[in-house]
Amino acid sequence: MKKLLKYLKPYRWFVVLTLVLLLGQAMAELFLPTLMAEIVNDGVIYGIVYDVSRTDFIIRTGLVMLGVALLAGLASISSSYISQRIAAGAARNLRHDLFVKVESFSQNEFDTFSSASLITRCTNDVAQVQNLVNMSARMLVYAPILGIGGVLMAMTRSVRMSWIIALAVVVLICMVVLIVSAVMPKFKLLQELVDKLNKVSREILHGLMVIRAFATQNHEKKRFDKTNTDLRDLGLYVARVMAVTGPLITFMMAGTQLLVIWVGAHNIAYHGLEIGDMIAFMQYSMQVIFAFMMVSVVLVMVLRAQVSAARIAEVLDKELSIKDPKSPETFGTNAGTVIFDDVCFRYPGAETDVLEGITFTAQPGQTTAIIGPTGSGKSTIASLLLRFYDVTDGSITLEGRDIRNVRQKDLRDRIGFVPQKGQLITGTIESNIKYGNPDATDDEVQKIAEVAQAMEFIDEKEDKFESEISQGGGNVSGGQRQRLSIARALAKNPQVLVFDDSFSALDFATDAKLRRALKEHTADATVIVIAQRIGTIMNAEQILVLDEGKIVGRGTHDELLKSCPAYHEIASSQDVLNQTEHPSGINASADESEEVTQ
């Protein structure tokens, strides 16, 4: 919680002003019972006893009382407005820092925190801290002043009855301890259940088509209902415990008032206590109880916010496994050359390497293709090049610089990456293509879309490039998402292009046309293609065959067919051993050529 106090520093003068206003409010409210006692003692009772008119005194004192009450009200409104502004500003800055920190996470950190948990921490947990900041500035200052001041002012009216306030405070403290001990262990579990509910909701919404295809709606409904019910039951438990607080305090206040009246009447009869003093003592005792009630409410909020603050601090304090160097190097002039030198990689916590002894050089103007069975480590190579992970052993250099010695931004600015799953951003077709290069002209955008073979479906849309793209690209097909993802990468005009199985959703004809257009458009770039289909990579200048994390074959398509059994087996399974020349000039298998012709 202390680490989060730094977010109040920009608002320190607002905090001071709030404290001054709360001090004024508390002092004004403490003065009101004294004025009431004077009206009763020196106005009403004095006039009755001595049969004189004290109307002027009562009116003057009453007007002063109304003025003091008005000032207290203005101070309360002002302090409430300022404290809310402080809390909202601090929460905004906290969310900003959380977002920036999450953006800097490598895949290692994302493996530690689920996306659902990160969303909860950035929203629900920050809201808990915001509520505490809003309330604590008022309650933790105003309530103690009101409580301590109330005790002192009450004793000026009657020391004999001060034991009543002490008894009420003791009972109130015992009640707060019982309530806190009952709800404190539940707060952390409550936030964890919110995490779980978010996780289940995201899984169901993202996999809705699969769920419908397998007709498992009832199963998913039961899974959601169980988590939702657990959260409801725990929330109701906390709510029931907290709901008891109000009636108990009301009962205590009523009991304290009756006790003050009973004891006060005895003191009036036998010890000369004035009626106005008894009324003032009663009001002060209510202020003391109210102050302790506010402290107890804030205490519960502190305990809940402490859980949220710890979860937030866990993210902010997370040590990054991949950092920029303190003295970063600049890239050399050997444009686009990528070298993997005896690279080994093991995922955190794993017992064996995923990649072992990977060595190859990808040259500008050439295509380096990587193929192999599922789980052989192909996509891991792309992740290492982009520094989503760092190598365990060996090194990766780009333009003659170890990628660990340059800034991550500089590295990724030089790489155009097209992942397996084309993830589009909410906006338009144009904004998605320009995502990698906001300064791209309309002509450049259209040219890139033509290279990516996206104009075919763009021209069919009424709004062309201004057509809307929903979250994740859910309103376009898989092949269209891949083509827009390719266009987005090309818009960067990068030195290195990495295609991670980025043609899998394309039909053979589109695949062939796209490869030919890419060859012309990326003539000077270093192209790394990770693929499952041999038809996609057979024209590559260099093909690497991976198996169980090792390179088991290296060469051109024809060379590997003769020298690499693993590659020959893949080619056999895909029926590309007997090749024909497609009329367009692109190599394709006999079956593919027939399909393209059709």
# chains A, B, ... in the order shown; residues from 1 in each chain; ligands from 1
call {"tool": "select_by_dssp", "arguments": {"residues": "range 492-544 of chain A", "states": "strand (DSSP E or B)", "output": "list of chain:residue names"}}
result
A:Val496, A:Leu497, A:Val498, A:Phe499, A:Asp500, A:Thr526, A:Val527, A:Ile528, A:Val529, A:Ile530, A:Ala531, A:Gln542, A:Ile543, A:Leu544
call {"tool": "write_last_selection", "arguments": {"atoms": "N, CA, C and O atoms", "output": "compact mmCIF listing (two decimals), in the first residue's frame"}}
result
# COMPACT_ATOMS: atom_id res chain seq x y z
N VAL A 496 13.39 -7.03 -42.48
CA VAL A 496 13.19 -8.46 -42.28
C VAL A 496 11.70 -8.74 -42.23
O VAL A 496 10.96 -8.04 -41.53
N LEU A 497 11.25 -9.73 -42.96
CA LEU A 497 9.85 -10.15 -42.93
C LEU A 497 9.78 -11.58 -42.41
O LEU A 497 10.49 -12.46 -42.91
N VAL A 498 8.94 -11.78 -41.40
CA VAL A 498 8.77 -13.11 -40.80
C VAL A 498 7.32 -13.53 -40.96
O VAL A 498 6.42 -12.87 -40.43
N PHE A 499 7.10 -14.62 -41.69
CA PHE A 499 5.76 -15.16 -41.89
C PHE A 499 5.66 -16.48 -41.13
O PHE A 499 6.29 -17.47 -41.50
N ASP A 500 4.88 -16.46 -40.04
CA ASP A 500 4.74 -17.65 -39.21
C ASP A 500 3.48 -18.40 -39.62
O ASP A 500 2.39 -18.15 -39.09
N THR A 526 15.03 -9.47 -46.17
CA THR A 526 15.30 -10.82 -45.69
C THR A 526 13.95 -11.44 -45.31
O THR A 526 13.24 -10.92 -44.45
N VAL A 527 13.60 -12.53 -45.96
CA VAL A 527 12.29 -13.15 -45.75
C VAL A 527 12.48 -14.50 -45.07
O VAL A 527 13.25 -15.34 -45.55
N ILE A 528 11.80 -14.66 -43.95
CA ILE A 528 11.80 -15.94 -43.23
C ILE A 528 10.36 -16.45 -43.22
O ILE A 528 9.46 -15.78 -42.70
N VAL A 529 10.15 -17.61 -43.82
CA VAL A 529 8.81 -18.18 -43.93
C VAL A 529 8.75 -19.47 -43.13
O VAL A 529 9.52 -20.41 -43.38
N ILE A 530 7.85 -19.51 -42.17
CA ILE A 530 7.57 -20.72 -41.41
C ILE A 530 6.27 -21.30 -41.96
O ILE A 530 5.25 -20.60 -41.99
N ALA A 531 6.30 -22.53 -42.40
CA ALA A 531 5.14 -23.06 -43.10
C ALA A 531 4.95 -24.54 -42.80
O ALA A 531 5.86 -25.24 -42.36
N GLN A 542 16.72 -21.16 -49.37
CA GLN A 542 17.23 -22.00 -48.28
C GLN A 542 16.05 -22.54 -47.49
O GLN A 542 15.20 -21.77 -47.05
N ILE A 543 16.01 -23.85 -47.33
CA ILE A 543 14.95 -24.49 -46.55
C ILE A 543 15.60 -25.23 -45.39
O ILE A 543 16.54 -26.00 -45.58
N LEU A 544 15.10 -24.95 -44.18
CA LEU A 544 15.58 -25.64 -42.99
C LEU A 544 14.49 -26.61 -42.54
O LEU A 544 13.32 -26.22 -42.43
call {"tool": "residues_around", "arguments": {"residues": "range 62-70 of chain A", "least_positions_apart": "6", "cutoff": "7 Å", "atoms": "only C-alpha atoms", "output": "VMD selection string"}}
result
chain A and resid 28 32 35
call {"tool": "write_last_selection", "arguments": {"atoms": "C-alpha atoms", "output": "PDB file, in the first residue's frame"}}
result
ATOM      1  CA  ALA A  28     -17.890  23.606  12.909  1.00  0.00           C
ATOM      2  CA  LEU A  32     -23.018  23.136  16.988  1.00  0.00           C
ATOM      3  CA  LEU A  35     -24.635  26.552  20.526  1.00  0.00           C
TER       4      LEU A  35
END
call {"tool": "closest_residue", "arguments": {"among": "A:Ile148, A:Met135, A:Leu546, A:Ala449", "to": "Thr380 in chain A", "atoms": "only C-alpha atoms"}}
result
A:Leu546
call {"tool": "closest_residue", "arguments": {"among": "A:Val244, A:Val141, A:Ala491, A:Ala280", "to": "Gly24 in chain A", "atoms": "only C-alpha atoms"}}
result
A:Val141
call {"tool": "residues_around", "arguments": {"residues": "Asn493 in chain A", "least_positions_apart": "5", "cutoff": "9 Å", "atoms": "only C-alpha atoms", "output": "list in words"}}
result
Arg414, Ile415, Gly416, Gly436, Asn437, Thr522 and Ala525 of chain A
call {"tool": "residues_around", "arguments": {"residues": "Asn267 in chain A", "least_positions_apart": "5", "cutoff": "9 Å", "atoms": "only C-alpha atoms", "output": "PDB file with C-alpha atoms, in the first residue's frame"}}
result
ATOM      1  CA  ARG A 160     -19.557  12.248  35.436  1.00  0.00           C
ATOM      2  CA  MET A 161     -21.181  10.799  32.297  1.00  0.00           C
ATOM      3  CA  TRP A 262     -31.454   8.194  32.165  1.00  0.00           C
ATOM      4  CA  GLY A 272     -27.056  20.290  39.198  1.00  0.00           C
ATOM      5  CA  LEU A 273     -26.481  19.317  35.547  1.00  0.00           C
ATOM      6  CA  GLU A 274     -28.254  21.674  33.185  1.00  0.00           C
ATOM      7  CA  MET A 278     -27.245  17.017  28.831  1.00  0.00           C
TER       8      MET A 278
END
call {"tool": "closest_residue", "arguments": {"among": "A:Val180, A:Ile570, A:Val445, A:Val451", "to": "Phe465 in chain A", "atoms": "only C-alpha atoms"}}
result
A:Val445
call {"tool": "select_by_dssp", "arguments": {"residues": "range 357-484 of chain A", "states": "alpha helix (DSSP H)", "output": "PyMOL selection string"}}
result
chain A and resi 378-385+408-413+429-433+442-451+455-458+478-484
call {"tool": "write_last_selection", "arguments": {"atoms": "N, CA, C and O atoms", "output": "short mmCIF file (atom, residue, chain, number, x, y, z; two decimals), in the first residue's frame"}}
result
data_model
loop_
_atom_site.label_atom_id
_atom_site.label_comp_id
_atom_site.auth_asym_id
_atom_site.auth_seq_id
_atom_site.Cartn_x
_atom_site.Cartn_y
_atom_site.Cartn_z
N LYS A 378 9.35 -24.48 -34.69
CA LYS A 378 9.39 -23.49 -35.77
C LYS A 378 8.98 -22.09 -35.28
O LYS A 378 9.69 -21.12 -35.50
N SER A 379 7.83 -22.01 -34.63
CA SER A 379 7.34 -20.71 -34.17
C SER A 379 8.23 -20.13 -33.08
O SER A 379 8.31 -18.90 -32.91
N THR A 380 8.90 -20.99 -32.34
CA THR A 380 9.80 -20.50 -31.28
C THR A 380 10.94 -19.70 -31.88
O THR A 380 11.42 -18.74 -31.28
N ILE A 381 11.39 -20.08 -33.07
CA ILE A 381 12.45 -19.33 -33.74
C ILE A 381 12.01 -17.90 -34.00
O ILE A 381 12.76 -16.95 -33.78
N ALA A 382 10.77 -17.74 -34.47
CA ALA A 382 10.24 -16.39 -34.69
C ALA A 382 10.15 -15.61 -33.39
O ALA A 382 10.48 -14.42 -33.33
N SER A 383 9.71 -16.26 -32.33
CA SER A 383 9.60 -15.59 -31.02
C SER A 383 10.96 -15.14 -30.51
O SER A 383 11.08 -14.07 -29.90
N LEU A 384 11.99 -15.94 -30.75
CA LEU A 384 13.33 -15.58 -30.30
C LEU A 384 13.88 -14.40 -31.11
O LEU A 384 14.53 -13.51 -30.55
N LEU A 385 13.62 -14.40 -32.42
CA LEU A 385 14.10 -13.30 -33.26
C LEU A 385 13.47 -11.97 -32.83
O LEU A 385 14.13 -10.93 -32.85
N GLN A 408 14.60 -2.92 -27.79
CA GLN A 408 13.57 -3.78 -28.37
C GLN A 408 12.80 -3.04 -29.46
O GLN A 408 12.44 -3.64 -30.48
N LYS A 409 12.54 -1.76 -29.26
CA LYS A 409 11.80 -0.99 -30.28
C LYS A 409 12.60 -0.92 -31.58
O LYS A 409 12.03 -1.08 -32.67
N ASP A 410 13.90 -0.67 -31.47
CA ASP A 410 14.73 -0.60 -32.68
C ASP A 410 14.74 -1.94 -33.41
O ASP A 410 14.71 -1.98 -34.64
N LEU A 411 14.78 -3.02 -32.64
CA LEU A 411 14.76 -4.35 -33.24
C LEU A 411 13.46 -4.59 -33.98
O LEU A 411 13.46 -4.99 -35.16
N ARG A 412 12.36 -4.34 -33.32
CA ARG A 412 11.06 -4.68 -33.90
C ARG A 412 10.65 -3.70 -34.99
O ARG A 412 9.80 -4.04 -35.83
N ASP A 413 11.24 -2.49 -34.98
CA ASP A 413 10.98 -1.57 -36.09
C ASP A 413 11.52 -2.12 -37.40
O ASP A 413 11.04 -1.76 -38.48
N ILE A 429 -10.33 -1.08 -42.40
CA ILE A 429 -9.30 -1.78 -43.16
C ILE A 429 -8.08 -0.89 -43.32
O ILE A 429 -6.93 -1.33 -43.13
N GLU A 430 -8.31 0.38 -43.60
CA GLU A 430 -7.19 1.30 -43.78
C GLU A 430 -6.38 1.46 -42.51
O GLU A 430 -5.14 1.42 -42.53
N SER A 431 -7.05 1.63 -41.37
CA SER A 431 -6.32 1.82 -40.11
C SER A 431 -5.53 0.58 -39.73
O SER A 431 -4.46 0.68 -39.12
N ASN A 432 -6.02 -0.60 -40.10
CA ASN A 432 -5.28 -1.82 -39.80
C ASN A 432 -4.04 -1.94 -40.67
O ASN A 432 -2.98 -2.36 -40.20
N ILE A 433 -4.15 -1.57 -41.94
CA ILE A 433 -2.97 -1.62 -42.82
C ILE A 433 -1.95 -0.58 -42.38
O ILE A 433 -0.73 -0.81 -42.39
N ASP A 442 -2.28 7.02 -49.38
CA ASP A 442 -3.38 6.21 -49.91
C ASP A 442 -2.89 5.31 -51.04
O ASP A 442 -3.31 4.15 -51.16
N ASP A 443 -2.00 5.85 -51.89
CA ASP A 443 -1.46 5.05 -52.99
C ASP A 443 -0.63 3.88 -52.47
O ASP A 443 -0.71 2.77 -53.00
N GLU A 444 0.14 4.14 -51.43
CA GLU A 444 0.96 3.07 -50.83
C GLU A 444 0.08 2.00 -50.21
O GLU A 444 0.36 0.80 -50.33
N VAL A 445 -0.98 2.43 -49.55
CA VAL A 445 -1.90 1.47 -48.93
C VAL A 445 -2.54 0.59 -49.99
O VAL A 445 -2.64 -0.64 -49.83
N GLN A 446 -2.97 1.19 -51.09
CA GLN A 446 -3.60 0.41 -52.16
C GLN A 446 -2.59 -0.55 -52.80
O GLN A 446 -2.92 -1.70 -53.09
N LYS A 447 -1.36 -0.08 -53.02
CA LYS A 447 -0.33 -0.92 -53.61
C LYS A 447 -0.04 -2.12 -52.71
O LYS A 447 0.06 -3.27 -53.17
N ILE A 448 0.06 -1.88 -51.40
CA ILE A 448 0.34 -2.95 -50.44
C ILE A 448 -0.82 -3.94 -50.41
O ILE A 448 -0.62 -5.15 -50.35
N ALA A 449 -2.06 -3.43 -50.46
CA ALA A 449 -3.23 -4.30 -50.47
C ALA A 449 -3.24 -5.17 -51.72
O ALA A 449 -3.64 -6.35 -51.68
N GLU A 450 -2.78 -4.62 -52.84
CA GLU A 450 -2.70 -5.41 -54.07
C GLU A 450 -1.66 -6.51 -53.93
O GLU A 450 -1.89 -7.66 -54.36
N VAL A 451 -0.52 -6.20 -53.35
CA VAL A 451 0.52 -7.21 -53.15
C VAL A 451 0.00 -8.33 -52.24
O VAL A 451 0.24 -9.51 -52.49
N MET A 455 -7.17 -6.75 -52.36
CA MET A 455 -8.08 -5.88 -53.11
C MET A 455 -9.30 -6.62 -53.61
O MET A 455 -10.37 -6.02 -53.79
N GLU A 456 -9.16 -7.93 -53.78
CA GLU A 456 -10.28 -8.73 -54.27
C GLU A 456 -11.51 -8.59 -53.39
O GLU A 456 -12.62 -8.35 -53.87
N PHE A 457 -11.33 -8.70 -52.07
CA PHE A 457 -12.48 -8.59 -51.18
C PHE A 457 -12.72 -7.14 -50.74
O PHE A 457 -13.84 -6.78 -50.35
N ILE A 458 -11.68 -6.30 -50.78
CA ILE A 458 -11.88 -4.90 -50.41
C ILE A 458 -12.79 -4.22 -51.42
O ILE A 458 -13.69 -3.44 -51.07
N GLY A 478 -10.98 -15.99 -42.21
CA GLY A 478 -9.61 -16.27 -41.81
C GLY A 478 -8.60 -15.88 -42.88
O GLY A 478 -7.54 -15.31 -42.58
N GLY A 479 -8.92 -16.17 -44.14
CA GLY A 479 -8.04 -15.80 -45.23
C GLY A 479 -7.91 -14.30 -45.39
O GLY A 479 -6.83 -13.77 -45.69
N GLN A 480 -9.01 -13.58 -45.19
CA GLN A 480 -8.98 -12.12 -45.28
C GLN A 480 -8.17 -11.53 -44.14
O GLN A 480 -7.43 -10.56 -44.35
N ARG A 481 -8.29 -12.10 -42.95
CA ARG A 481 -7.49 -11.63 -41.82
C ARG A 481 -6.01 -11.82 -42.12
O ARG A 481 -5.18 -10.94 -41.83
N GLN A 482 -5.65 -12.98 -42.69
CA GLN A 482 -4.24 -13.23 -42.99
C GLN A 482 -3.72 -12.24 -44.02
O GLN A 482 -2.61 -11.71 -43.90
N ARG A 483 -4.51 -11.95 -45.05
CA ARG A 483 -4.05 -11.02 -46.09
C ARG A 483 -3.90 -9.60 -45.53
O ARG A 483 -2.95 -8.89 -45.88
N LEU A 484 -4.82 -9.18 -44.67
CA LEU A 484 -4.69 -7.86 -44.05
C LEU A 484 -3.51 -7.82 -43.09
O LEU A 484 -2.82 -6.79 -42.97
#
call {"tool": "residues_around", "arguments": {"residues": "Ile261 in chain A", "least_positions_apart": "6", "cutoff": "10 Å", "atoms": "only C-alpha atoms", "output": "MDAnalysis selection string"}}
result
chainID A and resid 255 267:268 275 278:279 281:282
call {"tool": "write_last_selection", "arguments": {"atoms": "N, CA and C atoms", "output": "PDB file, in the first residue's frame"}}
result
ATOM      1  N   GLY A 255     -29.356   3.022  22.185  1.00  0.00           N
ATOM      2  CA  GLY A 255     -29.089   2.631  23.570  1.00  0.00           C
ATOM      3  C   GLY A 255     -28.289   3.687  24.314  1.00  0.00           C
ATOM      4  N   ASN A 267     -28.428  13.132  37.049  1.00  0.00           N
ATOM      5  CA  ASN A 267     -27.463  14.200  37.346  1.00  0.00           C
ATOM      6  C   ASN A 267     -28.146  15.567  37.411  1.00  0.00           C
ATOM      7  N   ILE A 268     -29.185  15.758  36.616  1.00  0.00           N
ATOM      8  CA  ILE A 268     -29.934  17.016  36.684  1.00  0.00           C
ATOM      9  C   ILE A 268     -30.617  17.150  38.039  1.00  0.00           C
ATOM     10  N   ILE A 275     -30.015  21.131  31.648  1.00  0.00           N
ATOM     11  CA  ILE A 275     -30.659  20.359  30.575  1.00  0.00           C
ATOM     12  C   ILE A 275     -29.916  20.548  29.252  1.00  0.00           C
ATOM     13  N   MET A 278     -26.921  18.415  29.092  1.00  0.00           N
ATOM     14  CA  MET A 278     -27.245  17.017  28.831  1.00  0.00           C
ATOM     15  C   MET A 278     -27.525  16.803  27.340  1.00  0.00           C
ATOM     16  N   ILE A 279     -28.253  17.746  26.708  1.00  0.00           N
ATOM     17  CA  ILE A 279     -28.537  17.641  25.270  1.00  0.00           C
ATOM     18  C   ILE A 279     -27.235  17.703  24.472  1.00  0.00           C
ATOM     19  N   PHE A 281     -24.250  16.922  25.560  1.00  0.00           N
ATOM     20  CA  PHE A 281     -23.503  15.686  25.820  1.00  0.00           C
ATOM     21  C   PHE A 281     -24.028  14.549  24.938  1.00  0.00           C
ATOM     22  N   MET A 282     -25.358  14.500  24.774  1.00  0.00           N
ATOM     23  CA  MET A 282     -25.961  13.460  23.940  1.00  0.00           C
ATOM     24  C   MET A 282     -25.507  13.615  22.489  1.00  0.00           C
TER      25      MET A 282
END
call {"tool": "residues_around", "arguments": {"residues": "range 187-202 of chain A", "least_positions_apart": "5", "cutoff": "12 Å", "atoms": "only C-alpha atoms", "output": "PyMOL selection string"}}
result
chain A and resi 113-128+180-182+207-208+220-239+300-312
call {"tool": "closest_residue", "arguments": {"among": "A:Pro419, A:Gly89, A:Gly555, A:Gly147", "to": "Glu541 in chain A", "atoms": "only C-alpha atoms"}}
result
A:Gly555
call {"tool": "residues_around", "arguments": {"residues": "range 338-347 of chain A", "least_positions_apart": "5", "cutoff": "10 Å", "atoms": "only C-alpha atoms", "output": "VMD selection string"}}
result
chain A and resid 108 352 to 364 377 380 to 381 384 to 385 389 to 403 496 526 to 528 549 to 550
call {"tool": "atom_distance", "arguments": {"atom1": "CA of Ala540 in chain A", "atom2": "CA of Ser485 in chain A"}}
result
21.4 Å
